[in-house]
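Engineer: To start, I am sharing the structure in question, which I have written as structure tokens.
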Amino acid sequence: MHDSTAAAAAAESTRVEWRAWGADAFAEADATETPILLSLSATWCGACHEMDARTYSEPRIAANINDSFVPIRVDVDRNPRVRERYNMGGFPTTAFLTPTGELLTGATYLGPDGMRSIVDRIRQVWDEKGADAGRVPRAVADEPTPADDLDTRIEEHIAGQLTEQFDPHHGGWGTDAKFPLPRTIEFALKREPQQARQTLDAIAQHLYDTVDGGFFRFATERDWSDVRHEKVLETNAALVRAFANGYLYTGEDAYREPAGATIDYLTDTLWTGVAVGGSQGPGQGASYYSADADERADQPGPRTDLTVFAGGNALAADALLTYAAYTDDDHAREYAERVLDAVESDLIDTDSGVVTHYRTDDAVGDTDLLEDAARVVTAWSTARQVLGDDDYTAVARAVADNALETLGDGAAFRDGPASGHGLCDRPLRPIDTGMEFAEGLLDLAAITGEDRYREAATDAVEAFAGAWDRIGVQVAHYGSVAARLTGGDLVVDVGDPAGSDLHRAALRIADHEAVVVPDAADVEPGTARVRGSDMTASTPEELMTQVSESIEPPAT
């Protein structure tokens with residue numbers, strides 16, 4: 001199931017004799033009692049290609065690496081479980097491992113001098129201590145998660161962290177590098193809307209490519225300067241949804257237009273013919289992206305990876321459907337359906353619920369990854385809400401049931417099967433991806449009426465609730481899911497089919513966490529009802545009044 005493409009391509013472009021991640025490389029390291037140099041790289045990563053050109057292509061460095069290590073190259077997009085266990089804080093990552101995969105030390109980018117120094121140091125440590133120098137990172141040490149009961153303090157604390165960590169001068173959260181944090185923006189839209197809007201404005205101003213379209217990954221400075229010009233599917237899809245939700249709350253074109261233009265980027269530049277490719281590299285860096293359209297036409301274009309990843313495309317489908325729900329945009333709706341069809345036909349076994357990470361002519365990705373399952377359950381649940389076809393519910397249920405069975409690990413969820421080479425045989429329980437899955441389970445519970453999905457989401461939140469006071473804005477999504485569990489979901493059952501006036505009005509409720517069920521079984525045609533209410537609405541205006549009354553606090 002491993003992919004040798006990254007290793008083969010790197011071997012051609014550098015002087016290092018890269019191996020692929022897998023049994024052969026680890027067996028070689030074990031048989032020769034040789035440490036491993038693990039290079040985590042990405043097609044879109046400009047610094048990775050620079051390190052290949054400056055460091056790994058230097059003849060003496062390459063010779064030292066080939067003589068002293070078993071060098072392994074891993075594409076982080078194709079191997080997310082390896083990425084999450086060995087990431088040293090960014091890419092490229094350069095990690096040094098024992099033959100069994102325990103960590104000796106690591107760094108990110110290393111120039112020639114830095115590589116010479118660390119290679120000499122690792123040689124000395126290995127000669128003195130050997131494999132005893134290895135360690136298991138705390139994240140995969142199989143310690144129990146900090147469990148506790150669900151509490152309203154979770155949402156309150158994270159909402160407080162929004163203000164504590166917000167940058168009022170530049171927008172965004174934190175005082176160092178600025179990442180867009182789409183999930184944090186969505187959490188803030190309901191609790192600190194001015195912060196959310198200021199951050200969306202900053203992202204549109206600094207991270208949006210006004211010539212070719214699409215959003216860049218992040219900026220290294222507090223004022224959103226020194227932009228890193230890679231564009232990856234996950235960032236762009238998540239920002240389409242965040243900007244669309246900004247439009248939902250404000251009705252302002254300043255948020256609708258970047259979302260719509262980014263959809264054009266996804267369905268044009270990154271479009272493979274059937275779905276959305278994974279990423280686009282930085283091109284010539286600042287010189288390319290400071291040029292206008294005519295000047296760019298004379299330069300080599302950015303490197304594009306058109307691998308179709310299940311989770312990334314599910315996220316894209318969810319974003320396109322969200323935008324279509326608020327705007328009636330036919331282009332977004334059509335391409336969302338095309339993405340759903342492509343992923344379902346090629347990457348989902350709808351009988352077993354098994355999702356395959358990717359599939360190309362030369363490789364097949366891992367199966368049963370939490371990241372893929374979470375995004376598929378969410379997207380297919382959104383499709384049921386927006387498009388109305390109950391076949392989407394069946395797929396979401398199959399994938400959710402398989403993930404609950406295969407990835408359930410007490411209350412929390414593992415990121416994938418607890419098997420594989422290196423540290424991949426150790427469980428990793430990521431809170432952020434776990435909350436993506438919990439959100440999808442809550443949507444599915446509302447659509448199907450099956451409490452077991454809500455119970456599993458509750459367990460996932462409670463698995464980390466003992467550390468509620470240490471959770472910051474970077475995982476604000478944890479607060480969103482906790483709030484839905486403590487406050488209850490806003491669910492609107494519509495007796496009419498998708499596309500009716502009542503259905504369209506329900507989708508435009510100013511609460512992006514609301515769940516809308518068209519063709520609901522227990523509601524008369526021509527009416528809609530907020531679940532739990534005794535009143536029904538027969539017009540969009542009546543429905544909006546009923547929703548307003550249902551979310552207003554009771555009179556005292």
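We label chains A, B, ... in the order they appear in the structure tokens, count residues from 1 in each chain, and number ligands from 1 in the order shown.
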Report the residues of region 273-393 of chain A whose backbone DSSP state falls under strand (DSSP E or B), written as a list in words.
Structural biologist: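 Assigned to strand (DSSP E or B), within region 273-393 of chain A: Val276, Ser279, Gln280, Thr304, Asp305, Ile348, Asp349, Val354, Val355, Thr356, Arg359, Val364 and Thr367 of chain A.
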Engineer: Please tabulate, as CSV, the residues of region 224-260 of chain A that come within 12 Å of region 310-313 of chain A, each with its closest pair of atoms and the distance in Å to one decimal, counting only C-alpha atoms and ordering rows by chain, then residue number upward.
Structural biologist:
```
residue,atom,partner,partner_atom,distance
A:Val232,CA,A:Gly312,CA,9.2
A:Leu233,CA,A:Gly312,CA,6.2
A:Glu234,CA,A:Gly312,CA,5.4
A:Thr235,CA,A:Gly312,CA,9.2
A:Asn236,CA,A:Gly312,CA,9.7
A:Ala237,CA,A:Gly312,CA,7.8
A:Ala238,CA,A:Gly312,CA,9.4
```
Engineer: If we count only C-alpha atoms and set the cut-off at 10 Å, which residues sit around region 448-455 of chain A, ignoring sequence neighbours fewer than 3 positions away in its own chain? Please answer as a VMD selection string.
Structural biologist: chain A and resid 381 393 to 394 397 400 to 401 404 438 to 445 458 to 460 485 517
Engineer: Env of Arg426 (chain A): 8 Å cut, atoms = only C-alpha atoms, seq-sep filter 3 positions within chain, self excluded. Answer as number ranges by chain.
Structural biologist: A: 140-142, 418-419, 423
Engineer: Keeping only N, CA and C atoms, write those residues as a compact mmCIF listing (two decimals), in the first residue's frame.
Structural biologist:
```txt
# COMPACT_ATOMS: atom_id res chain seq x y z
N VAL A 140 2.39 9.59 20.71
CA VAL A 140 2.11 8.20 20.36
C VAL A 140 2.58 7.26 21.47
N ALA A 141 2.70 7.76 22.68
CA ALA A 141 3.15 6.93 23.80
C ALA A 141 2.03 6.09 24.38
N ASP A 142 0.84 6.18 23.79
CA ASP A 142 -0.33 5.40 24.21
C ASP A 142 -0.76 5.71 25.63
N ALA A 418 -3.93 0.82 13.91
CA ALA A 418 -2.73 0.79 14.74
C ALA A 418 -1.80 -0.31 14.24
N SER A 419 -1.31 -0.13 13.01
CA SER A 419 -0.41 -1.11 12.39
C SER A 419 0.44 -0.37 11.38
N LEU A 423 6.66 4.16 13.83
CA LEU A 423 5.70 4.48 14.88
C LEU A 423 4.25 4.37 14.43
```
Engineer: For each of A:Ala23, A:Phe243, A:Asp67, A:Ile72, take the minimum atom-to-atom distance to Thr322 (chain A), counting only C-alpha atoms, then give the residue where this is smallest.
Structural biologist: A:Phe243
Engineer: Counting only C-alpha atoms, what is within 12 Å of region 86-92 of chain A, bar same-chain residues fewer than 4 positions away, as a ChimeraX atom specification?
Structural biologist: /A:37-52,55,73-77,79-82,96-97,101-111,135-140,228,230,422-424,428
Engineer: Residues within 12 Å of Ser345 (chain A), please, as a list of chain:residue names. Count only C-alpha atoms; anything in the same chain fewer than 6 positions from it doesn't count.
Structural biologist: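 Residues near the query, excluding close chain neighbours: A:Val274, A:Ala275, A:Ala310, A:Arg338, A:Val339, A:Asp351, A:Val355, A:Thr356, A:Arg359, A:Val395.
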Engineer: Would you list the contacts of Val492 (chain A) as a compact mmCIF listing (two decimals) with C-alpha atoms, in the first residue's frame, taking every protein, DNA or RNA residue within 6 Å and counting only C-alpha atoms, but skipping same-chain residues closer than 5 positions in sequence?
Structural biologist:
```txt
# COMPACT_ATOMS: atom_id res chain seq x y z
CA VAL A 516 -31.73 20.96 7.32
CA ARG A 529 -40.82 22.78 11.37
CA VAL A 530 -37.98 23.41 13.77
CA ARG A 531 -37.48 20.02 15.40
```
Engineer: Nearest residue to Leu239 (chain A) out of A:Leu150, A:Ala316, A:Leu270, A:Val308, using only C-alpha atoms?
Structural biologist: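 Looking only at the distances to Leu239 (chain A), the closest residue turns out to be A:Ala316.
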Engineer: Identify which of the residues A:Ile447, A:Arg256, A:Ile431, A:Leu490 lies closest to Trp380 (chain A), counting only C-alpha atoms when measuring atom-to-atom distances.
Structural biologist: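 Nearest candidate to Trp380 (chain A) out of A:Ile447, A:Arg256, A:Ile431, A:Leu490: A:Ile447.
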Engineer: Which residue out of A:Phe179, A:Trp468, A:Phe26, A:Tyr478 has the minimum interatomic distance to Phe437 (chain A) when only C-alpha atoms are used?
Structural biologist: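 Checking each candidate against Phe437 (chain A), we get A:Tyr478 as the closest.
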Engineer: Quote the spacing between CA of Val515 (chain A) and CA of Asp496 (chain A) in Å to one decimal place.
Structural biologist: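 Spanning CA of Val515 (chain A) to CA of Asp496 (chain A) is a straight-line distance of 15.2 Å.
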Engineer: In Å, rounded to a single decimal, give me how far CA of Leu306 (chain A) is from CA of Val276 (chain A).
Structural biologist: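 These atoms are spaced 7.1 Å apart.
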Engineer: Could you write out, as a ChimeraX atom specification, all the residues of region 363-477 of chain A that DSSP marks as helix (DSSP H, G or I)?
Structural biologist: /A:370-387,391-407,422-425,431-448,451-462,465-470,473-475,477
Engineer: Dump C-alpha atoms for the selected residues as a PDB file, in the first residue's frame?
Structural biologist:
```pdb
ATOM      1  CA  LEU A 370      -9.840   9.084  10.168  1.00  0.00           C
ATOM      2  CA  GLU A 371      -9.199  12.230   8.127  1.00  0.00           C
ATOM      3  CA  ASP A 372     -10.862  10.715   5.052  1.00  0.00           C
ATOM      4  CA  ALA A 373     -13.765   9.155   6.940  1.00  0.00           C
ATOM      5  CA  ALA A 374     -14.503  12.374   8.835  1.00  0.00           C
ATOM      6  CA  ARG A 375     -14.656  14.485   5.714  1.00  0.00           C
ATOM      7  CA  VAL A 376     -16.670  11.960   3.736  1.00  0.00           C
ATOM      8  CA  VAL A 377     -19.289  11.646   6.481  1.00  0.00           C
ATOM      9  CA  THR A 378     -19.564  15.444   6.708  1.00  0.00           C
ATOM     10  CA  ALA A 379     -19.705  16.044   2.948  1.00  0.00           C
ATOM     11  CA  TRP A 380     -22.197  13.290   2.204  1.00  0.00           C
ATOM     12  CA  SER A 381     -24.375  14.511   5.090  1.00  0.00           C
ATOM     13  CA  THR A 382     -24.208  18.015   3.628  1.00  0.00           C
ATOM     14  CA  ALA A 383     -25.161  16.577   0.244  1.00  0.00           C
ATOM     15  CA  ARG A 384     -28.259  15.015   1.800  1.00  0.00           C
ATOM     16  CA  GLN A 385     -29.195  18.414   3.224  1.00  0.00           C
ATOM     17  CA  VAL A 386     -28.547  20.462   0.075  1.00  0.00           C
ATOM     18  CA  LEU A 387     -29.314  18.032  -2.765  1.00  0.00           C
ATOM     19  CA  ASP A 391     -28.503   7.786  -1.201  1.00  0.00           C
ATOM     20  CA  TYR A 392     -25.998  10.231   0.246  1.00  0.00           C
ATOM     21  CA  THR A 393     -27.203   9.300   3.722  1.00  0.00           C
ATOM     22  CA  ALA A 394     -26.559   5.635   3.023  1.00  0.00           C
ATOM     23  CA  VAL A 395     -22.934   6.326   2.056  1.00  0.00           C
ATOM     24  CA  ALA A 396     -22.366   8.583   5.067  1.00  0.00           C
ATOM     25  CA  ARG A 397     -23.823   5.924   7.366  1.00  0.00           C
ATOM     26  CA  ALA A 398     -21.665   3.135   5.852  1.00  0.00           C
ATOM     27  CA  VAL A 399     -18.460   5.167   6.200  1.00  0.00           C
ATOM     28  CA  ALA A 400     -19.346   6.311   9.721  1.00  0.00           C
ATOM     29  CA  ASP A 401     -20.162   2.776  10.865  1.00  0.00           C
ATOM     30  CA  ASN A 402     -16.926   1.391   9.462  1.00  0.00           C
ATOM     31  CA  ALA A 403     -14.868   4.163  11.091  1.00  0.00           C
ATOM     32  CA  LEU A 404     -16.599   3.667  14.438  1.00  0.00           C
ATOM     33  CA  GLU A 405     -15.779  -0.021  14.293  1.00  0.00           C
ATOM     34  CA  THR A 406     -12.204   0.179  13.010  1.00  0.00           C
ATOM     35  CA  LEU A 407     -10.950   3.460  14.520  1.00  0.00           C
ATOM     36  CA  GLY A 422       7.999   2.698  12.465  1.00  0.00           C
ATOM     37  CA  LEU A 423       5.703   4.483  14.882  1.00  0.00           C
ATOM     38  CA  CYS A 424       2.652   3.815  12.714  1.00  0.00           C
ATOM     39  CA  ASP A 425       1.891   0.761  14.819  1.00  0.00           C
ATOM     40  CA  ILE A 431      -8.227  16.042  18.678  1.00  0.00           C
ATOM     41  CA  ASP A 432      -8.673  18.191  15.548  1.00  0.00           C
ATOM     42  CA  THR A 433      -9.500  15.345  13.160  1.00  0.00           C
ATOM     43  CA  GLY A 434     -11.538  13.675  15.853  1.00  0.00           C
ATOM     44  CA  MET A 435     -13.702  16.788  16.040  1.00  0.00           C
ATOM     45  CA  GLU A 436     -14.166  16.779  12.263  1.00  0.00           C
ATOM     46  CA  PHE A 437     -15.533  13.262  12.599  1.00  0.00           C
ATOM     47  CA  ALA A 438     -17.661  14.207  15.602  1.00  0.00           C
ATOM     48  CA  GLU A 439     -19.210  17.058  13.615  1.00  0.00           C
ATOM     49  CA  GLY A 440     -20.107  14.684  10.807  1.00  0.00           C
ATOM     50  CA  LEU A 441     -21.599  12.267  13.318  1.00  0.00           C
ATOM     51  CA  LEU A 442     -23.785  15.037  14.755  1.00  0.00           C
ATOM     52  CA  ASP A 443     -25.063  15.923  11.282  1.00  0.00           C
ATOM     53  CA  LEU A 444     -25.749  12.255  10.585  1.00  0.00           C
ATOM     54  CA  ALA A 445     -27.549  11.846  13.915  1.00  0.00           C
ATOM     55  CA  ALA A 446     -29.877  14.728  13.067  1.00  0.00           C
ATOM     56  CA  ILE A 447     -30.549  13.384   9.572  1.00  0.00           C
ATOM     57  CA  THR A 448     -31.143   9.770  10.562  1.00  0.00           C
ATOM     58  CA  ASP A 451     -28.801   8.577  18.780  1.00  0.00           C
ATOM     59  CA  ARG A 452     -25.765   6.287  18.588  1.00  0.00           C
ATOM     60  CA  TYR A 453     -23.995   8.801  16.352  1.00  0.00           C
ATOM     61  CA  ARG A 454     -24.614  11.591  18.834  1.00  0.00           C
ATOM     62  CA  GLU A 455     -23.417   9.359  21.648  1.00  0.00           C
ATOM     63  CA  ALA A 456     -20.176   8.622  19.770  1.00  0.00           C
ATOM     64  CA  ALA A 457     -19.644  12.358  19.208  1.00  0.00           C
ATOM     65  CA  THR A 458     -20.224  12.982  22.910  1.00  0.00           C
ATOM     66  CA  ASP A 459     -17.650  10.347  23.807  1.00  0.00           C
ATOM     67  CA  ALA A 460     -15.129  11.952  21.429  1.00  0.00           C
ATOM     68  CA  VAL A 461     -15.517  15.358  23.092  1.00  0.00           C
ATOM     69  CA  GLU A 462     -15.428  13.931  26.607  1.00  0.00           C
ATOM     70  CA  ALA A 465     -12.644  17.351  28.288  1.00  0.00           C
ATOM     71  CA  GLY A 466     -10.237  16.976  31.187  1.00  0.00           C
ATOM     72  CA  ALA A 467      -7.928  19.415  29.412  1.00  0.00           C
ATOM     73  CA  TRP A 468     -10.624  21.936  28.471  1.00  0.00           C
ATOM     74  CA  ASP A 469      -8.739  24.808  30.084  1.00  0.00           C
ATOM     75  CA  ARG A 470      -5.629  24.118  27.962  1.00  0.00           C
ATOM     76  CA  VAL A 473      -8.043  28.828  19.317  1.00  0.00           C
ATOM     77  CA  GLN A 474      -6.069  26.542  16.995  1.00  0.00           C
ATOM     78  CA  VAL A 475      -8.589  23.807  17.799  1.00  0.00           C
ATOM     79  CA  HIS A 477     -13.620  23.439  16.387  1.00  0.00           C
TER      80      HIS A 477
END
```
Engineer: A:Ala483, A:Met544, A:Ala412, A:Ala261: which is nearest Val240 (chain A), counting only C-alpha atoms?
Structural biologist: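 Of A:Ala483, A:Met544, A:Ala412, A:Ala261, the one nearest Val240 (chain A) is A:Ala261, counting only C-alpha atoms.
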Engineer: So which one's closest to Ile118 (chain A), A:Ile65, A:Ala133, A:Val16, A:Ala498? Using only C-alpha atoms, please.
Structural biologist: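 Using only C-alpha atoms, Ile118 (chain A) sits closest to A:Ile65.
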